[in-house]
file upload-v3.txt (compact mmCIF, C-alpha atoms)
# COMPACT_ATOMS: atom_id res chain seq x y z
CA MET J 1276 13.76 4.70 25.75
CA SER J 1277 10.00 4.26 25.47
CA VAL J 1278 8.07 4.65 22.24
CA THR J 1279 6.75 8.17 21.57
CA ILE J 1280 4.78 9.42 18.56
CA ARG J 1281 4.54 12.99 17.26
CA GLN J 1282 1.72 13.81 14.84
CA LEU J 1283 2.96 14.96 11.42
CA HIS J 1284 -0.26 16.01 9.67
CA PRO J 1285 -3.46 17.68 10.88
CA VAL J 1286 -5.55 14.51 10.48
CA PHE J 1287 -3.12 11.55 10.57
CA ALA J 1288 0.47 10.23 10.28
CA GLY J 1289 2.95 10.11 13.15
CA GLU J 1290 6.73 10.18 13.63
CA VAL J 1291 8.01 7.51 16.00
CA SER J 1292 10.94 7.88 18.39
CA GLY J 1293 12.43 5.34 20.78
CA VAL J 1294 12.66 2.37 18.40
CA ASP J 1295 15.84 0.65 17.13
CA MET J 1296 14.82 -2.05 14.66
CA ARG J 1297 18.18 -3.75 15.02
CA GLN J 1298 17.02 -4.85 18.49
CA PRO J 1299 14.05 -7.01 19.50
CA LEU J 1300 10.89 -5.15 20.50
CA SER J 1301 9.33 -5.56 23.92
CA ALA J 1302 5.65 -6.45 24.19
CA GLU J 1303 5.03 -2.89 25.38
CA ASP J 1304 6.75 -1.46 22.30
CA VAL J 1305 4.68 -3.64 19.97
CA ALA J 1306 1.48 -2.59 21.72
CA ALA J 1307 2.47 1.10 21.50
CA ILE J 1308 3.18 0.84 17.76
CA ASP J 1309 -0.06 -1.05 17.12
CA ALA J 1310 -1.98 1.61 19.05
CA GLY J 1311 -0.18 4.26 17.00
CA MET J 1312 -1.26 2.57 13.79
CA ASN J 1313 -4.87 2.53 14.96
CA GLU J 1314 -4.71 6.25 15.68
CA TYR J 1315 -2.41 7.66 12.98
CA ALA J 1316 -2.65 4.98 10.21
CA VAL J 1317 0.87 5.93 8.97
CA LEU J 1318 4.02 5.80 11.11
CA VAL J 1319 7.46 7.13 10.16
CA PHE J 1320 10.70 5.83 11.72
CA HIS J 1321 13.96 7.64 10.89
CA ASP J 1322 17.55 6.31 10.85
CA GLN J 1323 16.76 2.60 10.63
CA ASN J 1324 19.84 1.15 8.90
CA ILE J 1325 18.66 -2.45 8.93
CA THR J 1326 19.22 -5.72 7.09
CA ASP J 1327 16.49 -7.70 5.35
CA ASP J 1328 16.47 -10.19 8.24
CA GLN J 1329 16.00 -7.37 10.75
CA GLN J 1330 13.14 -5.96 8.70
CA LEU J 1331 11.49 -9.37 8.60
CA ALA J 1332 11.93 -9.84 12.34
CA PHE J 1333 10.44 -6.41 13.09
CA SER J 1334 7.51 -7.03 10.73
CA ARG J 1335 6.58 -10.37 12.30
CA ASN J 1336 5.71 -8.59 15.53
CA PHE J 1337 2.51 -7.42 13.84
CA GLY J 1338 1.23 -10.62 12.26
CA ALA J 1339 1.91 -13.23 9.62
CA LEU J 1340 3.74 -12.08 6.52
CA GLU J 1341 1.94 -11.93 3.19
CA LEU J 1342 4.09 -13.43 0.44
CA PRO J 1343 4.19 -11.68 -2.96
CA GLY J 1344 3.67 -15.06 -4.67
CA SER J 1345 1.61 -15.19 -7.84
CA ALA J 1346 0.37 -11.62 -7.36
CA SER J 1347 3.84 -10.33 -8.23
CA ASN J 1348 5.00 -9.69 -11.76
CA ILE J 1349 8.25 -11.48 -10.84
CA THR J 1350 7.33 -15.16 -11.00
CA LYS J 1351 10.73 -16.81 -11.62
CA ALA J 1352 13.27 -17.22 -8.80
CA LYS J 1353 16.15 -16.23 -11.09
CA ASP J 1354 14.55 -12.82 -11.64
CA ARG J 1355 14.18 -12.02 -7.95
CA ARG J 1356 16.60 -9.59 -6.30
CA LEU J 1357 15.20 -10.11 -2.81
CA GLY J 1358 14.01 -13.09 -0.79
CA PRO J 1359 10.54 -14.58 -1.26
CA GLU J 1360 9.10 -12.80 1.80
CA MET J 1361 9.84 -9.29 0.52
CA ALA J 1362 8.24 -7.23 -2.22
CA ASP J 1363 10.75 -5.37 -4.38
CA VAL J 1364 9.32 -1.95 -5.26
CA SER J 1365 12.63 -0.64 -6.58
CA ASN J 1366 13.81 0.19 -10.06
CA LEU J 1367 16.54 -2.46 -9.91
CA ASP J 1368 16.99 -5.82 -11.61
CA ALA J 1369 18.22 -9.08 -10.07
CA ASN J 1370 21.83 -7.92 -10.43
CA HIS J 1371 21.09 -4.53 -8.78
CA GLY J 1372 21.32 -2.67 -12.08
CA ILE J 1373 18.82 0.04 -13.03
CA LEU J 1374 15.97 -1.28 -15.16
CA ASP J 1375 15.85 -0.18 -18.78
CA ARG J 1376 13.08 2.24 -19.72
CA ASN J 1377 11.28 -0.42 -21.76
CA ASP J 1378 11.84 -3.26 -19.29
CA ARG J 1379 8.65 -5.21 -18.60
CA GLN J 1380 9.18 -5.13 -14.85
CA ARG J 1381 9.54 -1.35 -14.91
CA MET J 1382 6.37 -1.02 -16.98
CA PHE J 1383 4.44 -3.11 -14.47
CA ASN J 1384 5.79 -1.22 -11.46
CA LEU J 1385 4.62 2.12 -12.89
CA GLY J 1386 1.25 1.13 -11.46
CA ASN J 1387 2.66 2.20 -8.09
CA LEU J 1388 2.28 5.80 -9.28
CA LEU J 1389 -1.51 5.38 -9.08
CA TRP J 1390 -3.44 5.82 -5.84
CA HIS J 1391 -3.96 2.33 -4.42
CA SER J 1392 -4.16 0.09 -1.38
CA ASP J 1393 -1.70 -2.80 -1.28
CA SER J 1394 -3.18 -6.21 -2.04
CA SER J 1395 -6.75 -4.99 -2.37
CA TYR J 1396 -6.75 -7.33 -5.37
CA ARG J 1397 -6.47 -10.33 -3.00
CA ALA J 1398 -9.61 -11.96 -1.62
CA THR J 1399 -8.20 -11.36 1.88
CA PRO J 1400 -6.49 -7.98 1.56
CA ALA J 1401 -3.38 -6.87 3.44
CA LYS J 1402 -3.29 -5.30 6.89
CA TYR J 1403 -0.01 -3.35 7.17
CA SER J 1404 2.74 -2.52 4.70
CA LEU J 1405 6.27 -1.76 5.95
CA LEU J 1406 8.71 -0.05 3.58
CA SER J 1407 12.44 0.43 4.09
CA GLY J 1408 14.29 3.08 2.09
CA ARG J 1409 17.77 1.66 1.51
CA GLN J 1410 18.80 4.00 -1.32
CA ILE J 1411 17.04 7.26 -2.15
CA PRO J 1412 17.22 9.39 -5.35
CA ALA J 1413 18.47 12.95 -5.08
CA LYS J 1414 15.12 14.36 -6.18
CA GLY J 1415 11.57 13.02 -6.35
CA GLY J 1416 10.38 9.55 -5.40
CA ASP J 1417 8.24 10.75 -2.48
CA THR J 1418 5.37 8.59 -1.21
CA GLU J 1419 1.99 10.23 -0.65
CA PHE J 1420 -0.62 8.85 1.74
CA ALA J 1421 -4.33 9.71 1.87
CA ASP J 1422 -6.42 9.22 5.02
CA MET J 1423 -9.53 7.33 3.95
CA ARG J 1424 -11.16 7.83 7.38
CA ALA J 1425 -11.06 11.61 7.12
CA ALA J 1426 -12.19 11.38 3.49
CA TYR J 1427 -15.21 9.29 4.53
CA ASP J 1428 -16.05 11.68 7.37
CA ALA J 1429 -16.12 14.59 4.89
CA LEU J 1430 -18.79 12.98 2.68
CA ASP J 1431 -22.35 14.26 2.90
CA ALA J 1432 -25.03 12.07 4.44
CA THR J 1433 -26.64 11.24 1.08
CA THR J 1434 -23.36 9.88 -0.36
CA LYS J 1435 -22.64 7.90 2.82
CA ALA J 1436 -26.02 6.24 2.55
CA GLU J 1437 -25.53 5.49 -1.15
CA ILE J 1438 -22.15 3.79 -0.72
CA GLU J 1439 -22.76 1.98 2.59
CA ASP J 1440 -23.45 -1.44 1.06
CA LEU J 1441 -21.65 -1.16 -2.29
CA VAL J 1442 -19.24 -3.91 -3.32
CA CYS J 1443 -16.44 -3.32 -5.84
CA GLU J 1444 -14.29 -5.60 -7.97
CA HIS J 1445 -10.52 -5.16 -7.59
CA SER J 1446 -7.84 -6.54 -9.90
CA LEU J 1447 -4.35 -5.73 -11.17
CA LEU J 1448 -5.90 -6.09 -14.60
CA TYR J 1449 -7.78 -2.84 -13.98
CA SER J 1450 -4.93 -0.77 -12.54
CA ARG J 1451 -2.41 -1.87 -15.16
CA GLY J 1452 -5.02 -1.38 -17.86
CA LEU J 1453 -5.31 2.27 -16.85
CA LEU J 1454 -1.68 2.68 -17.93
CA GLY J 1455 -2.13 0.82 -21.19
CA PHE J 1456 -0.14 -2.19 -19.96
CA THR J 1457 -1.25 -5.05 -22.16
CA GLY J 1458 1.68 -7.45 -21.88
CA LEU J 1459 0.09 -9.94 -19.50
CA GLU J 1460 0.41 -13.66 -20.11
CA ALA J 1461 -2.51 -16.08 -19.79
CA ALA J 1462 -1.25 -17.37 -16.42
CA GLU J 1463 -0.98 -13.82 -15.10
CA LYS J 1464 -4.52 -13.00 -16.19
CA ALA J 1465 -5.71 -16.09 -14.33
CA ASN J 1466 -3.82 -15.00 -11.20
CA PHE J 1467 -5.32 -11.52 -11.40
CA LYS J 1468 -8.98 -12.58 -11.47
CA PRO J 1469 -11.13 -9.83 -9.88
CA VAL J 1470 -12.04 -10.12 -6.20
CA ARG J 1471 -14.82 -8.42 -4.28
CA GLN J 1472 -14.28 -5.76 -1.60
CA ARG J 1473 -16.64 -3.50 0.32
CA LEU J 1474 -16.42 0.18 -0.57
CA VAL J 1475 -16.90 1.17 3.09
CA ARG J 1476 -14.84 -0.59 5.75
CA THR J 1477 -15.10 -0.43 9.53
CA HIS J 1478 -11.89 -0.66 11.55
CA PRO J 1479 -12.01 -3.73 13.83
CA VAL J 1480 -10.49 -1.89 16.84
CA THR J 1481 -11.60 1.73 16.62
CA GLY J 1482 -14.93 1.17 14.87
CA ARG J 1483 -14.16 4.09 12.59
CA LYS J 1484 -15.45 3.90 9.00
CA SER J 1485 -13.27 4.56 5.96
CA LEU J 1486 -13.44 4.44 2.18
CA TYR J 1487 -11.77 1.42 0.60
CA LEU J 1488 -10.59 2.91 -2.68
CA SER J 1489 -7.84 1.83 -5.05
CA ALA J 1490 -6.77 2.07 -8.67
CA HIS J 1491 -7.39 -1.68 -8.71
CA ILE J 1492 -11.17 -1.06 -8.74
CA GLY J 1493 -12.76 -1.70 -12.12
CA ALA J 1494 -16.41 -2.32 -11.34
CA ILE J 1495 -19.20 -1.93 -8.79
CA LEU J 1496 -21.53 -4.91 -8.49
CA GLY J 1497 -24.91 -4.14 -10.02
CA TRP J 1498 -23.76 -0.93 -11.73
CA PRO J 1499 -23.03 -0.31 -15.42
CA MET J 1500 -19.27 -0.23 -15.73
CA PRO J 1501 -18.94 3.30 -17.22
CA GLU J 1502 -21.08 4.70 -14.40
CA ALA J 1503 -19.13 2.76 -11.78
CA ARG J 1504 -15.74 3.89 -13.03
CA GLY J 1505 -16.84 7.50 -13.21
CA PHE J 1506 -18.19 7.33 -9.67
CA ILE J 1507 -15.00 5.75 -8.31
CA ARG J 1508 -12.98 8.43 -10.09
CA ASP J 1509 -15.02 11.15 -8.43
CA LEU J 1510 -14.70 9.55 -4.99
CA THR J 1511 -10.94 9.20 -5.46
CA GLU J 1512 -10.58 12.84 -6.46
CA ALA J 1513 -12.47 13.92 -3.34
CA ALA J 1514 -10.55 11.52 -1.09
CA THR J 1515 -7.14 12.75 -2.25
CA GLU J 1516 -7.69 16.46 -1.71
CA ARG J 1517 -4.59 18.01 -0.13
CA GLU J 1518 -6.23 18.28 3.29
CA PHE J 1519 -6.29 14.47 3.49
CA VAL J 1520 -2.76 13.82 2.11
CA TYR J 1521 0.60 13.46 3.86
CA ALA J 1522 3.60 13.52 1.49
CA HIS J 1523 6.64 11.69 2.83
CA GLN J 1524 9.95 12.97 1.51
CA TRP J 1525 12.31 10.06 1.96
CA ARG J 1526 15.66 10.20 3.69
CA ARG J 1527 18.01 7.25 3.49
CA TYR J 1528 17.12 4.57 6.06
CA ASP J 1529 13.64 5.92 6.68
CA PHE J 1530 11.15 3.19 7.47
CA VAL J 1531 7.42 3.79 6.98
CA MET J 1532 4.54 1.52 7.88
CA TRP J 1533 0.90 2.10 7.04
CA ASP J 1534 -2.51 0.52 7.46
CA ASN J 1535 -3.95 -0.48 4.09
CA ARG J 1536 -7.43 -0.70 5.63
CA GLN J 1537 -7.43 3.03 6.41
CA THR J 1538 -5.23 4.67 3.75
CA MET J 1539 -4.33 4.86 0.09
CA HIS J 1540 -0.86 5.72 -1.15
CA ARG J 1541 1.11 6.34 -4.30
CA ALA J 1542 4.75 6.78 -5.32
CA ARG J 1543 5.83 9.97 -7.09
CA ARG J 1544 7.99 10.18 -10.20
CA PHE J 1545 11.76 10.48 -10.17
CA ASN J 1546 14.57 9.86 -12.65
CA ASP J 1547 14.10 6.12 -12.47
CA THR J 1548 16.26 5.32 -15.51
CA GLY J 1549 19.20 7.33 -14.14
CA GLU J 1550 19.09 6.96 -10.35
CA ALA J 1551 18.58 3.95 -8.09
CA ARG J 1552 15.69 3.85 -5.62
CA ASP J 1553 16.07 0.74 -3.48
CA MET J 1554 12.83 0.18 -1.53
CA ARG J 1555 12.03 -3.11 0.22
CA ARG J 1556 8.54 -3.89 1.47
CA THR J 1557 7.23 -6.44 3.89
CA THR J 1558 3.48 -6.89 4.17
CA ILE J 1559 1.34 -8.12 7.05
CA ALA J 1560 -1.44 -10.39 5.85
CA GLY J 1561 -5.04 -9.57 6.58
CA ASP J 1562 -7.12 -12.06 8.54
CA ILE J 1563 -10.61 -11.51 7.15
CA GLN J 1564 -12.34 -10.90 3.83
CA THR J 1565 -14.37 -7.72 3.50
CA VAL J 1566 -17.14 -9.57 1.66
CA GLU J 1567 -17.90 -13.10 0.50
CA GLN J 1568 -16.20 -13.90 -2.79
CA ALA J 1569 -17.85 -15.19 -5.94
CA ALA J 1570 -17.96 -18.99 -6.27

call {"tool": "encode", "arguments": {"input": "upload-v3.txt", "output": "structure tokens"}}
result
Amino acid sequence: MSVTIRQLHPVFAGEVSGVDMRQPLSAEDVAAIDAGMNEYAVLVFHDQNITDDQQLAFSRNFGALELPGSASNITKAKDRRLGPEMADVSNLDANHGILDRNDRQRMFNLGNLLWHSDSSYRATPAKYSLLSGRQIPAKGGDTEFADMRAAYDALDATTKAEIEDLVCEHSLLYSRGLLGFTGLEAAEKANFKPVRQRLVRTHPVTGRKSLYLSAHIGAILGWPMPEARGFIRDLTEAATEREFVYAHQWRRYDFVMWDNRQTMHRARRFNDTGEARDMRRTTIAGDIQTVEQAA
């Protein structure tokens, strides 16, 4: 069966048929999925009951894997539930038990409830994220995606001109600070040093422009910080209007991949101290910086 994609939302997101991730992909299948990502930015695959190794094999079709490494809040091997090539965005500890309400890892992961782009806090930010839903809560825990291309297109000409050359600083220090998370160690603060990213990105294949927004933004170069944060807040509010947002209601074994260069996303609340939500993410590394970094 060949790959087919059905659009899910008026401006983006597609549902893919004709793919079994337990089997190797043909070159034609990889090309069709890549083309779908360029067009839809978010792709949904249903009924993918896969192993971690199968997820890794599928992901490698689209580029080199980005390792969580020092950017993760889990820095000790004994605390990891999953292998080093996967990001654990679940509410489970290393022994598969539900994290306590006051657990440090849970506190850190609450940042996923904020609108963000994965790894925008890295000098070379991520390309694709690929998320497998292994266990889903009975209610809540949806993932919302916002199309940053459509949001850019909706801006007036004056705002487009104003933001064209702006450069922002991104860091986990900023996004976790929004939630009042102050429990970072000195080594973590060093790992989370701010990086620079353009506010307007141009897609390397389609040439389409998009906003590069994220809760990780804490400053705009050359702007007073209060003014910068207020401006980013206003842009984010406009970019996440319902007309630009696709809300994915998870079913068990759903698999969703998205382009971090063209979208933002956020997780939604659920009873995370009473129900398990087992979500495993692989990430495709980016291959270029959006702007030269500070020395």

call {"tool": "closest_atom_pairs", "arguments": {"input": "upload-v3.txt", "of": "segment 1351-1454 of chain J", "to": "segment 1278-1288 of chain J", "cutoff": "12 Å", "atoms": "only C-alpha atoms", "output": "tab-separated table"}}
result
residue	atom	partner	partner_atom	distance
J:Glu1419	CA	J:Ala1288	CA	11.0
J:Phe1420	CA	J:Ala1288	CA	8.7
J:Ala1421	CA	J:Phe1287	CA	9.0
J:Asp1422	CA	J:Phe1287	CA	6.9
J:Met1423	CA	J:Phe1287	CA	10.1
J:Arg1424	CA	J:Val1286	CA	9.3
J:Ala1425	CA	J:Val1286	CA	7.1
J:Ala1426	CA	J:Val1286	CA	10.1
J:Asp1428	CA	J:Val1286	CA	11.3
J:Ala1429	CA	J:Val1286	CA	12.0

call {"tool": "closest_residue", "arguments": {"input": "upload-v3.txt", "among": "J:Leu1331, J:Leu1300, J:Ala1432, J:Leu1405", "to": "Met1532 of chain J", "atoms": "all atoms listed in the file"}}
result
J:Leu1405

call {"tool": "residues_around", "arguments": {"input": "upload-v3.txt", "residues": "segment 1468-1473 of chain J", "least_positions_apart": "2", "cutoff": "9 Å", "atoms": "only C-alpha atoms", "output": "count of residues only"}}
result
34

call {"tool": "residues_around", "arguments": {"input": "upload-v3.txt", "residues": "Pro1299 of chain J", "least_positions_apart": "4", "cutoff": "12 Å", "atoms": "all atoms listed in the file", "output": "PyMOL selection string"}}
result
chain J and resi 1294-1295+1303-1305+1328-1336

call {"tool": "closest_residue", "arguments": {"input": "upload-v3.txt", "among": "J:Gly1358, J:Gly1338, J:Gly1497, J:Gly1561", "to": "Lys1402 of chain J", "atoms": "only C-alpha atoms"}}
result
J:Gly1561

call {"tool": "closest_residue", "arguments": {"input": "upload-v3.txt", "among": "J:Glu1518, J:His1478, J:Phe1337, J:Leu1385", "to": "Ala1302 of chain J", "atoms": "all atoms listed in the file"}}
result
J:Phe1337

call {"tool": "axis_aligned_box", "arguments": {"input": "upload-v3.txt", "around": "segment 1282-1291 of chain J", "padding_each_side": "3 Å", "output": "lines of an AutoDock Vina configuration file"}}
result
center_x = 1.2
center_y = 12.6
center_z = 12.8
size_x = 19.6
size_y = 16.2
size_z = 12.3

call {"tool": "atom_distance", "arguments": {"input": "upload-v3.txt", "atom1": "atom CA of Ser1489 of chain J", "atom2": "atom CA of Thr1418 of chain J"}}
result
15.3 Å

call {"tool": "atom_distance", "arguments": {"input": "upload-v3.txt", "atom1": "atom CA of Asn1387 of chain J", "atom2": "atom CA of Ile1308 of chain J"}}
result
25.9 Å

call {"tool": "closest_residue", "arguments": {"input": "upload-v3.txt", "among": "J:Asp1547, J:Asp1327, J:Asp1562, J:Asp1553", "to": "Lys1414 of chain J", "atoms": "only C-alpha atoms"}}
result
J:Asp1547

call {"tool": "closest_residue", "arguments": {"input": "upload-v3.txt", "among": "J:Trp1390, J:Phe1519, J:Tyr1528, J:Trp1498", "to": "Leu1453 of chain J", "atoms": "all atoms listed in the file"}}
result
J:Trp1390

call {"tool": "residues_around", "arguments": {"input": "upload-v3.txt", "residues": "Leu1340 of chain J", "least_positions_apart": "4", "cutoff": "6 Å", "atoms": "all atoms listed in the file", "output": "ChimeraX atom specification"}}
result
/J:1558-1560

call {"tool": "write_last_selection", "arguments": {"input": "upload-v3.txt", "atoms": "C-alpha atoms", "output": "compact mmCIF listing (two decimals), in the coordinates of the input"}}
result
# COMPACT_ATOMS: atom_id res chain seq x y z
CA THR J 1558 3.48 -6.89 4.17
CA ILE J 1559 1.34 -8.12 7.05
CA ALA J 1560 -1.44 -10.39 5.85

call {"tool": "residues_around", "arguments": {"input": "upload-v3.txt", "residues": "Thr1481 of chain J", "least_positions_apart": "4", "cutoff": "9 Å", "atoms": "all atoms listed in the file", "output": "ChimeraX atom specification"}}
result
/J:1313-1314,1477

call {"tool": "residues_near_point", "arguments": {"input": "upload-v3.txt", "point": "(7.7, -7.7, -17.5)", "cutoff": "9 Å", "atoms": "only C-alpha atoms", "output": "CSV table (one decimal) with C-alpha atoms, keeping the file's coordinate frame"}}
result
chain,number,residue,atom,x,y,z
J,1348,ASN,CA,5.0,-9.7,-11.8
J,1349,ILE,CA,8.2,-11.5,-10.8
J,1378,ASP,CA,11.8,-3.3,-19.3
J,1379,ARG,CA,8.6,-5.2,-18.6
J,1380,GLN,CA,9.2,-5.1,-14.8
J,1381,ARG,CA,9.5,-1.4,-14.9
J,1382,MET,CA,6.4,-1.0,-17.0
J,1383,PHE,CA,4.4,-3.1,-14.5
J,1458,GLY,CA,1.7,-7.4,-21.9
J,1459,LEU,CA,0.1,-9.9,-19.5

call {"tool": "atom_distance", "arguments": {"input": "upload-v3.txt", "atom1": "atom CA of Leu1357 of chain J", "atom2": "atom CA of Gly1408 of chain J"}}
result
14.1 Å

call {"tool": "closest_residue", "arguments": {"input": "upload-v3.txt", "among": "J:Val1531, J:Leu1318, J:Leu1430, J:Ile1373", "to": "Thr1557 of chain J", "atoms": "only C-alpha atoms"}}
result
J:Val1531
